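A quick write-up on the structure given underneath.
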Amino acid sequence: MEPVLSVEDLSVRISGLHILQGVSFTVAPTGVTVLLGRNGVGKTTTLRAVLGLTPPAGEVRGTIRMGAQSLLSQPTHRLVRGGLGYVPEDRDVFAGLTVAENLRLAERRGTSPAYDKVFALFPELDRRGRQRAGSLSGGQQQMLAIGRVLLNDNRLLLIDEPTKGLAPKVVTEVAEVLERVAESVPVLLVEQNLAVVRRLARDAVVLAAGKVAWTGDAHELLLETALTKSLLGVGSAEVSAPSARSELAGPAVARKDQL
Ligand SMILES: Nc1ncnc2c1ncn2[C@@H]1O[C@H](COP(=O)(O)OP(=O)(O)OP(=O)(O)O)[C@@H](O)[C@H]1O
C-alpha cells in the first residue's frame, strides 16, 4: 500500500534551534499512525511543518509528499483545500462565536459540507448550535474542533493531542469518535495517553531529541518494556490497562519534570 504521506529527511530550525534533525517516516493510507515522544521532542513541530505552519523565521528542509504531490512549497490554505485536515492542540475554536458559526466558518467554498455526517457523530453539536463555543466544556470544544474538520472531505487528518486535559470519561468519548473517524480517513495522531494509543493506533513513529528513534507496530512498541521506558518514560505494565476497564485513563508519556 502506498503511503498517504511521506516525510523524508525533514529538518526544521527555529530561532537558531535545530528542532527536527533529518526526520523520515511514512503514514499508511488507512488507520491511525501515532507520533509519540516525550515532551518537547518535536511532535507538534512535525505536524506544523507538514501543514506549512512553521513560523516565518523558521527554516524547513527535506521532502514532504502526500501521494505524488510535494507539500513543502505550498501555502497552508491550498494544502487544506487539497484535503489535509488539521485539529490543533489548543482546539482553536472561536470562543465568541456560536457552535453553528464555528462550523459555518469551516465550510470550504465550492463544496457541500457534510453536516449530516458531523451531526451523526456529534449530536450535541446540533443541539448546541446556538451556544457560544467559549462556554462549551473542554470535551465539547474538542468535538467541535474535530467536527469542523470533518465537514469537508479529507485525504489525511493531522490531530494533535486531542485528549489533553480531558476527564477520563471524555477521553473515552473522544477515542470512540476518532476510532469511527479513522474507518474512513487516515489519521496522523499525536497522543500522550498510551491507553488511547493502544486502542487506536496501528503504526507508531517515536521521536527523541528531534530524530526518529523507532518506527513499527504500535502494539509491539507498547509491549516492549525497555523500549517504552527508554523512549517514553513509562513501563509497559503501566500501559496494559485491564480490558474490562471502560475508561481510558491510562498513563501518559512522562513529562520532562517527571524524569
Ligand atoms: N516557535 C518556536 N520558537 C522557538 N522554539 C520553538 C518554537 N516552536 C517549538 N519550539 C521548540 O521546539 C521544541 C519542540 O517543540 P514541539 O512543540 O514540537 O514539541 P512536542 O514534542 O510537540 O512537545 P509537547 O509534547 O510538549 O507538546 C521545543 O523545545 C520547543 O520549545
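Letters A, B, ... mark the chains of the C-alpha cells in the order given; residue numbers begin at 1 per chain; ligand numbers begin at 1, in order shown.
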task: Could I get the residue neighbourhood of ligand 1 at 12 Å, counting only C-alpha atoms and all ligand atoms, as a PyMOL selection string?
output: chain A and resi 11-21+35-49+53-59+88-90+159-162+164+189-193+206-212+232+252-257
- request: Check the DSSP output for the backbone and give back, as a PyMOL selection string, the residues of stretch 11-259 of chain A in alpha helix (DSSP H).
  value: chain A and resi 43-50+76-81+99-106+115-121+123-127+138-150+168-181+194-200+218-223+225-232+236-239
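Compared by their closest atoms to A:Leu72, and using only C-alpha atoms, the residues A:Leu103, A:Val32, A:Leu136, A:Val7 rank with A:Val7 nearest.
Residues in contact with A:Pro3 at up to 7 Å, not including ones fewer than 5 positions away on its chain and judged by only C-alpha atoms, are Thr26, Val27, Ala28 and Pro29 of chain A.
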If you keep N, CA and C atoms, can you produce a file of those selected residues as a compact mmCIF listing (two decimals), in the first residue's frame?
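Now in part24.txt:
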# COMPACT_ATOMS: atom_id res chain seq x y z
N THR A 26 6.66 7.40 7.21
CA THR A 26 5.51 7.39 6.31
C THR A 26 4.23 7.17 7.12
N VAL A 27 3.12 7.58 6.51
CA VAL A 27 1.80 7.36 7.13
C VAL A 27 1.00 6.47 6.19
N ALA A 28 0.51 5.34 6.73
CA ALA A 28 -0.25 4.38 5.92
C ALA A 28 -1.56 5.01 5.44
N PRO A 29 -2.09 4.54 4.31
CA PRO A 29 -3.30 5.16 3.75
C PRO A 29 -4.58 4.81 4.48
query: Which is closest to A:Leu223 among A:Val170, A:Val4, A:Leu194, A:Val205, if we use only C-alpha atoms?
result: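 Closest to A:Leu223 of all the choices is A:Leu194.
Here the residues within stretch 112-173 of chain A that DSSP labels strand (DSSP E or B) on the basis of the backbone are A:Arg132, A:Leu156, A:Leu157, A:Leu158, A:Ile159, A:Asp160.
Checking A:Val185, A:Leu222, A:Leu105, A:Ala100 one by one against A:Arg198, counting only C-alpha atoms, you find the shortest gap at A:Leu222.
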- request: Compare A:Gly62, A:Gly52, A:Gly147, A:Gly138 by their minimum atom-to-atom distance to A:Val99, counting only C-alpha atoms, and give me the closest one.
  value: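 Closest to A:Val99 of all the choices is A:Gly147.
Of the listed residues A:Leu51, A:Leu5, A:Arg155, A:Ser112, the one whose atoms come nearest to A:His77 is A:Leu51, with distances taken using only C-alpha atoms.
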- prompt: Residues at most 12 Å from A:Glu124, counting only C-alpha atoms, excluding those fewer than 6 positions away in the same chain, as a VMD selection string?
  reply: chain A and resid 99 to 100 118 130 to 131 136 to 137 139 to 144 147
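Atom pair atom CA of A:Phe94 / atom CA of A:Arg132: separated by 8.6 Å.
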